[in-house]
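First up is the structure itself, then whatever we jot down about it.
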Amino acid sequence: KKQQKIVRFNPDYTFGLTNEQVKQRKQEGLVNKTKVTYGKSYGEIIVSNIFSFFNILLFVIAGFLIYARQFQSLFFLLILLPNMFIGLFQDLHARRLMGKLRLVTESNVLVVREGDEQYIKASELVLDDIVIFNTSNQIVADGTVVDGTLAVNESLLTGESVDVYVGPGDSVLSGSYVTSGKAYVRLEKVGKDSYVENLQNKANKFKRSPSQI
């Protein structure tokens with residue numbers, strides 16, 4: 001698939017993007033919007049577990065046996081039905097857990113645009129925005145520090161609880177938290193391209209192992 005060439009902006013961290021540049025980014029779809037849900041819908045889970053080829057075949061056989069009054073041969077239903085409902089329960093339970101797996105919360109962030117500092121929703125950020133991160137803020141998109149220093153906790157991403165110290169030229173990843181410091185960060189990857197979104201997509205690709213029965 002041919003990809004569109006993206007023209008990058010390099011705004012001064014004290015001025016940020018202009019309104020025209022923000023408008024251009026929105027038209028290009030380079031906004032920090034992410035998926036709300038992952039995986040199959042509840043309807044798809046129910047249909048895939050009940051109306052599989054294996055189940056339909058056995059139900060047809062069961063129908064012929066009932067028609068022939070061979071009730072003693074229906075013992076396999078004692079295995080089929082529990083197996084079907086256990087699989088259905090596992091998929092529904094996994095779907096609910098996936099819905100709770102949100103490593104980045106929707107919050108207001110401090111951004112610099114046309115020389116003004118303003119709070120906007122994280123989902124309204126665009127590529128190359130200059131964002132100011134302070135103590136206790138969550139990093140909501142991947143970026144590069146252009147001024148200032150931060151101590152960042154990446155335990156949600158790596159499991160390592162030791163803070164990482166970053167300064168100008170260093171990268172920060174979405175999903176991590178600022179434990180101390182203040183810095184201006186230019187966003188390098190937003191929305192579905194960010195590190196945490198790729199991580200969540202991999203984590204939410206739940207696939208139940210085929211039944212040995």
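Starting from 1 in every chain, residues are counted up; chains themselves are A, B, ... following the order of the structure tokens, and ligands are numbered from 1 as listed.
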
Please provide the set of residues having any atom within 12 Å of A:Val162, restricted to only C-alpha atoms, with same-chain residues fewer than 5 positions apart removed, written as a short mmCIF file (atom, residue, chain, number, x, y, z; two decimals) with N, CA, C and O atoms, in the first residue's frame.
data_model
loop_
_atom_site.label_atom_id
_atom_site.label_comp_id
_atom_site.auth_asym_id
_atom_site.auth_seq_id
_atom_site.Cartn_x
_atom_site.Cartn_y
_atom_site.Cartn_z
N ALA A 151 12.29 12.70 35.13
CA ALA A 151 12.48 11.35 35.64
C ALA A 151 11.21 10.60 35.29
O ALA A 151 10.10 11.00 35.70
N VAL A 152 11.34 9.52 34.52
CA VAL A 152 10.18 8.83 33.97
C VAL A 152 10.12 7.40 34.49
O VAL A 152 11.13 6.69 34.52
N ASN A 153 8.93 6.99 34.90
CA ASN A 153 8.69 5.62 35.34
C ASN A 153 8.04 4.85 34.19
O ASN A 153 6.94 5.19 33.76
N GLU A 154 8.71 3.80 33.72
CA GLU A 154 8.22 3.01 32.58
C GLU A 154 7.74 1.62 33.01
O GLU A 154 7.70 0.71 32.19
N SER A 155 7.36 1.49 34.28
CA SER A 155 7.01 0.17 34.80
C SER A 155 5.81 -0.45 34.09
O SER A 155 5.72 -1.67 33.97
N LEU A 156 4.86 0.37 33.61
CA LEU A 156 3.70 -0.17 32.89
C LEU A 156 4.11 -0.81 31.57
O LEU A 156 3.42 -1.69 31.06
N SER A 176 4.16 5.79 29.96
CA SER A 176 5.02 6.00 31.13
C SER A 176 4.54 7.23 31.90
O SER A 176 3.76 8.03 31.40
N TYR A 177 5.05 7.38 33.14
CA TYR A 177 4.65 8.48 34.02
C TYR A 177 5.86 9.32 34.41
O TYR A 177 6.96 8.80 34.59
N THR A 179 7.77 11.21 37.14
CA THR A 179 7.86 11.21 38.60
C THR A 179 8.46 12.51 39.13
O THR A 179 8.21 12.88 40.28
#

Quiz item: For the atom pair atom CA of A:Thr18 and atom CA of A:Tyr184, what is the interatomic distance in Å to one decimal place?
Solution: 16.5 Å

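For stretch 72-166 of chain A, backbone-based DSSP assignment of alpha helix (DSSP H) covers Leu77, Leu78, Ile79, Leu80, Leu81, Pro82, Asn83, Met84, Phe85, Ile86, Gly87, Leu88, Phe89, Gln90, Asp91, Leu92, His93, Ala94, Arg95, Arg96, Leu97, Met98, Gly99, Lys100, Ser155, Leu156, Leu157 and Thr158 of chain A.
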
Exercise. Kindly indicate which residue among A:Val185, A:Leu57, A:Gly115, A:Leu81 lies nearest to A:Val166, using only C-alpha atoms for the distances.
Key: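 That would be A:Val185, the residue with the smallest distance to A:Val166.
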
Quiz item: For the atom pair atom CA of A:Asn19 and atom CA of A:Lys189, what is the interatomic distance in Å to one decimal place?
Solution: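 Distance between the two atoms: 19.5 Å.
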
Practice problem: Provide the atom CA of A:Val172 to atom CA of A:Ile139 distance in Å, to one decimal place. | Solution: 7.4 Å

Exercise. Write out as a ChimeraX atom specification the residues lying within 10 Å of A:Gly143, counting only C-alpha atoms and excluding same-chain residues fewer than 2 positions away.
Key: /A:127-131,139-141,145-146,169-174,184-190,194

Can you pull out the residues contacting A:Glu114? Cut-off 12 Å, using only C-alpha atoms, and skip same-chain residues under 5 positions away; I want them as a compact mmCIF listing (two decimals) with C-alpha atoms, in the first residue's frame.
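Listed below is the output, selection_31.txt:
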# COMPACT_ATOMS: atom_id res chain seq x y z
CA PRO A 11 8.54 24.30 15.81
CA ASP A 12 10.33 26.33 18.45
CA TYR A 13 9.35 24.87 21.82
CA THR A 14 8.32 28.29 23.14
CA PHE A 15 5.93 28.87 20.22
CA GLY A 16 4.68 25.46 19.12
CA LEU A 17 2.59 24.72 16.05
CA THR A 18 0.46 27.33 14.34
CA ASN A 19 -3.29 26.88 13.95
CA GLU A 20 -2.77 26.25 10.23
CA GLN A 21 -0.28 23.49 10.93
CA VAL A 22 -2.66 21.88 13.43
CA ASP A 129 2.87 19.25 18.90
CA ILE A 130 4.96 20.69 21.74

Exercise. Give me the residues within 9 Å of A:Ala183 as an MDAnalysis selection string, counting only C-alpha atoms and dropping any in the same chain fewer than 2 places off.
Key: chainID A and resid 131:134 145:150 167:168 181 185

Quiz item: Using only C-alpha atoms, which residue out of A:Asp142, A:Glu44, A:Leu199, A:Val178 lies closest to A:Thr158?
Solution: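 Ranking A:Asp142, A:Glu44, A:Leu199, A:Val178 by distance to A:Thr158, first place goes to A:Leu199.
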
Name the residues of stretch 20-191 of chain A that fall into strand (DSSP E) according to DSSP on the backbone, using the chain letters and numbers of this document, as a PDB file with N, CA and C atoms, in the first residue's frame.
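The result, written out as selection_4.pdb:
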ATOM      1  N   ASN A 108      -6.371  15.728  30.235  1.00  0.00           N
ATOM      2  CA  ASN A 108      -6.019  17.018  29.656  1.00  0.00           C
ATOM      3  C   ASN A 108      -4.513  17.219  29.763  1.00  0.00           C
ATOM      4  N   VAL A 109      -3.913  17.742  28.713  1.00  0.00           N
ATOM      5  CA  VAL A 109      -2.469  17.966  28.695  1.00  0.00           C
ATOM      6  C   VAL A 109      -2.190  19.420  28.337  1.00  0.00           C
ATOM      7  N   LEU A 110      -1.027  19.897  28.760  1.00  0.00           N
ATOM      8  CA  LEU A 110      -0.624  21.278  28.503  1.00  0.00           C
ATOM      9  C   LEU A 110       0.203  21.327  27.223  1.00  0.00           C
ATOM     10  N   VAL A 111      -0.320  22.027  26.219  1.00  0.00           N
ATOM     11  CA  VAL A 111       0.336  22.098  24.916  1.00  0.00           C
ATOM     12  C   VAL A 111       0.652  23.547  24.579  1.00  0.00           C
ATOM     13  N   VAL A 112       1.719  23.743  23.783  1.00  0.00           N
ATOM     14  CA  VAL A 112       2.097  25.086  23.335  1.00  0.00           C
ATOM     15  C   VAL A 112       1.698  25.242  21.870  1.00  0.00           C
ATOM     16  N   ARG A 113       0.828  26.226  21.593  1.00  0.00           N
ATOM     17  CA  ARG A 113       0.401  26.500  20.221  1.00  0.00           C
ATOM     18  C   ARG A 113       0.353  28.001  20.002  1.00  0.00           C
ATOM     19  N   ASP A 116       1.050  30.254  22.970  1.00  0.00           N
ATOM     20  CA  ASP A 116       0.173  30.187  24.142  1.00  0.00           C
ATOM     21  C   ASP A 116       0.174  28.777  24.723  1.00  0.00           C
ATOM     22  N   GLU A 117       0.195  28.686  26.039  1.00  0.00           N
ATOM     23  CA  GLU A 117       0.074  27.401  26.727  1.00  0.00           C
ATOM     24  C   GLU A 117      -1.393  27.169  27.051  1.00  0.00           C
ATOM     25  N   GLN A 118      -1.925  26.032  26.628  1.00  0.00           N
ATOM     26  CA  GLN A 118      -3.346  25.744  26.814  1.00  0.00           C
ATOM     27  C   GLN A 118      -3.546  24.263  27.092  1.00  0.00           C
ATOM     28  N   TYR A 119      -4.603  23.980  27.853  1.00  0.00           N
ATOM     29  CA  TYR A 119      -4.945  22.591  28.154  1.00  0.00           C
ATOM     30  C   TYR A 119      -5.940  22.086  27.121  1.00  0.00           C
ATOM     31  N   ILE A 120      -5.624  20.939  26.542  1.00  0.00           N
ATOM     32  CA  ILE A 120      -6.528  20.288  25.608  1.00  0.00           C
ATOM     33  C   ILE A 120      -6.580  18.806  25.945  1.00  0.00           C
ATOM     34  N   LYS A 121      -7.537  18.095  25.364  1.00  0.00           N
ATOM     35  CA  LYS A 121      -7.629  16.646  25.571  1.00  0.00           C
ATOM     36  C   LYS A 121      -6.475  15.955  24.841  1.00  0.00           C
ATOM     37  N   ILE A 130       4.067  20.507  20.604  1.00  0.00           N
ATOM     38  CA  ILE A 130       4.964  20.692  21.740  1.00  0.00           C
ATOM     39  C   ILE A 130       4.129  20.586  23.010  1.00  0.00           C
ATOM     40  N   VAL A 131       4.418  19.565  23.819  1.00  0.00           N
ATOM     41  CA  VAL A 131       3.654  19.309  25.039  1.00  0.00           C
ATOM     42  C   VAL A 131       4.558  19.511  26.250  1.00  0.00           C
ATOM     43  N   ILE A 132       4.009  20.137  27.283  1.00  0.00           N
ATOM     44  CA  ILE A 132       4.760  20.351  28.519  1.00  0.00           C
ATOM     45  C   ILE A 132       4.343  19.274  29.515  1.00  0.00           C
ATOM     46  N   PHE A 133       5.300  18.474  29.959  1.00  0.00           N
ATOM     47  CA  PHE A 133       5.031  17.424  30.938  1.00  0.00           C
ATOM     48  C   PHE A 133       5.663  17.805  32.277  1.00  0.00           C
ATOM     49  N   ASP A 142       4.344   9.166  22.023  1.00  0.00           N
ATOM     50  CA  ASP A 142       5.800   9.094  21.939  1.00  0.00           C
ATOM     51  C   ASP A 142       6.369  10.445  21.509  1.00  0.00           C
ATOM     52  N   GLY A 143       7.506  10.815  22.097  1.00  0.00           N
ATOM     53  CA  GLY A 143       8.084  12.102  21.737  1.00  0.00           C
ATOM     54  C   GLY A 143       9.550  12.193  22.071  1.00  0.00           C
ATOM     55  N   THR A 144      10.118  13.355  21.752  1.00  0.00           N
ATOM     56  CA  THR A 144      11.520  13.657  22.028  1.00  0.00           C
ATOM     57  C   THR A 144      11.600  14.910  22.881  1.00  0.00           C
ATOM     58  N   VAL A 145      12.400  14.861  23.933  1.00  0.00           N
ATOM     59  CA  VAL A 145      12.575  16.018  24.807  1.00  0.00           C
ATOM     60  C   VAL A 145      13.389  17.078  24.061  1.00  0.00           C
ATOM     61  N   VAL A 146      12.851  18.313  24.028  1.00  0.00           N
ATOM     62  CA  VAL A 146      13.576  19.410  23.366  1.00  0.00           C
ATOM     63  C   VAL A 146      14.132  20.410  24.375  1.00  0.00           C
ATOM     64  N   ASP A 147      13.587  20.406  25.579  1.00  0.00           N
ATOM     65  CA  ASP A 147      14.123  21.283  26.622  1.00  0.00           C
ATOM     66  C   ASP A 147      13.654  20.775  27.977  1.00  0.00           C
ATOM     67  N   GLY A 148      14.551  20.840  28.983  1.00  0.00           N
ATOM     68  CA  GLY A 148      14.213  20.390  30.324  1.00  0.00           C
ATOM     69  C   GLY A 148      14.635  18.946  30.568  1.00  0.00           C
ATOM     70  N   THR A 149      14.383  18.478  31.771  1.00  0.00           N
ATOM     71  CA  THR A 149      14.724  17.103  32.150  1.00  0.00           C
ATOM     72  C   THR A 149      13.548  16.469  32.889  1.00  0.00           C
ATOM     73  N   LEU A 150      13.457  15.152  32.790  1.00  0.00           N
ATOM     74  CA  LEU A 150      12.389  14.399  33.434  1.00  0.00           C
ATOM     75  C   LEU A 150      12.930  13.120  34.040  1.00  0.00           C
ATOM     76  N   ALA A 151      12.294  12.703  35.130  1.00  0.00           N
ATOM     77  CA  ALA A 151      12.483  11.350  35.644  1.00  0.00           C
ATOM     78  C   ALA A 151      11.206  10.599  35.290  1.00  0.00           C
ATOM     79  N   VAL A 152      11.340   9.523  34.519  1.00  0.00           N
ATOM     80  CA  VAL A 152      10.177   8.825  33.967  1.00  0.00           C
ATOM     81  C   VAL A 152      10.123   7.399  34.488  1.00  0.00           C
ATOM     82  N   ASN A 153       8.926   6.991  34.903  1.00  0.00           N
ATOM     83  CA  ASN A 153       8.692   5.621  35.343  1.00  0.00           C
ATOM     84  C   ASN A 153       8.041   4.850  34.192  1.00  0.00           C
ATOM     85  N   VAL A 164      13.810   6.383  34.864  1.00  0.00           N
ATOM     86  CA  VAL A 164      14.737   6.680  33.769  1.00  0.00           C
ATOM     87  C   VAL A 164      14.823   8.197  33.632  1.00  0.00           C
ATOM     88  N   TYR A 165      16.037   8.742  33.600  1.00  0.00           N
ATOM     89  CA  TYR A 165      16.224  10.190  33.496  1.00  0.00           C
ATOM     90  C   TYR A 165      16.497  10.556  32.043  1.00  0.00           C
ATOM     91  N   VAL A 166      15.726  11.518  31.541  1.00  0.00           N
ATOM     92  CA  VAL A 166      15.841  11.923  30.146  1.00  0.00           C
ATOM     93  C   VAL A 166      16.037  13.432  30.053  1.00  0.00           C
ATOM     94  N   SER A 171      14.298  10.175  24.048  1.00  0.00           N
ATOM     95  CA  SER A 171      12.918   9.805  23.716  1.00  0.00           C
ATOM     96  C   SER A 171      12.127   9.430  24.957  1.00  0.00           C
ATOM     97  N   VAL A 172      10.824   9.678  24.919  1.00  0.00           N
ATOM     98  CA  VAL A 172       9.902   9.225  25.958  1.00  0.00           C
ATOM     99  C   VAL A 172       8.782   8.450  25.281  1.00  0.00           C
ATOM    100  N   TYR A 177       5.053   7.377  33.139  1.00  0.00           N
ATOM    101  CA  TYR A 177       4.649   8.479  34.018  1.00  0.00           C
ATOM    102  C   TYR A 177       5.861   9.320  34.407  1.00  0.00           C
ATOM    103  N   VAL A 178       5.615  10.629  34.547  1.00  0.00           N
ATOM    104  CA  VAL A 178       6.659  11.541  34.999  1.00  0.00           C
ATOM    105  C   VAL A 178       6.651  11.558  36.527  1.00  0.00           C
ATOM    106  N   THR A 179       7.773  11.207  37.137  1.00  0.00           N
ATOM    107  CA  THR A 179       7.865  11.215  38.601  1.00  0.00           C
ATOM    108  C   THR A 179       8.458  12.507  39.132  1.00  0.00           C
ATOM    109  N   SER A 180       9.227  13.196  38.299  1.00  0.00           N
ATOM    110  CA  SER A 180       9.753  14.502  38.709  1.00  0.00           C
ATOM    111  C   SER A 180      10.272  15.239  37.487  1.00  0.00           C
ATOM    112  N   GLY A 181      10.385  16.565  37.617  1.00  0.00           N
ATOM    113  CA  GLY A 181      10.946  17.377  36.553  1.00  0.00           C
ATOM    114  C   GLY A 181       9.888  18.050  35.688  1.00  0.00           C
ATOM    115  N   LYS A 182      10.379  18.779  34.714  1.00  0.00           N
ATOM    116  CA  LYS A 182       9.518  19.473  33.745  1.00  0.00           C
ATOM    117  C   LYS A 182      10.259  19.536  32.427  1.00  0.00           C
ATOM    118  N   ALA A 183       9.557  19.274  31.332  1.00  0.00           N
ATOM    119  CA  ALA A 183      10.218  19.293  30.026  1.00  0.00           C
ATOM    120  C   ALA A 183       9.222  19.591  28.918  1.00  0.00           C
ATOM    121  N   TYR A 184       9.767  20.158  27.846  1.00  0.00           N
ATOM    122  CA  TYR A 184       9.004  20.371  26.619  1.00  0.00           C
ATOM    123  C   TYR A 184       9.311  19.197  25.691  1.00  0.00           C
ATOM    124  N   VAL A 185       8.274  18.543  25.208  1.00  0.00           N
ATOM    125  CA  VAL A 185       8.438  17.339  24.390  1.00  0.00           C
ATOM    126  C   VAL A 185       7.734  17.523  23.044  1.00  0.00           C
ATOM    127  N   ARG A 186       8.455  17.251  21.967  1.00  0.00           N
ATOM    128  CA  ARG A 186       7.841  17.261  20.635  1.00  0.00           C
ATOM    129  C   ARG A 186       7.356  15.857  20.304  1.00  0.00           C
ATOM    130  N   LEU A 187       6.095  15.743  19.911  1.00  0.00           N
ATOM    131  CA  LEU A 187       5.499  14.439  19.649  1.00  0.00           C
ATOM    132  C   LEU A 187       5.990  13.865  18.321  1.00  0.00           C
ATOM    133  N   GLU A 188       6.494  12.631  18.389  1.00  0.00           N
ATOM    134  CA  GLU A 188       7.044  11.947  17.214  1.00  0.00           C
ATOM    135  C   GLU A 188       6.096  10.902  16.640  1.00  0.00           C
ATOM    136  N   LYS A 189       5.312  10.264  17.508  1.00  0.00           N
ATOM    137  CA  LYS A 189       4.349   9.251  17.067  1.00  0.00           C
ATOM    138  C   LYS A 189       3.071   9.426  17.876  1.00  0.00           C
TER     139      LYS A 189
END
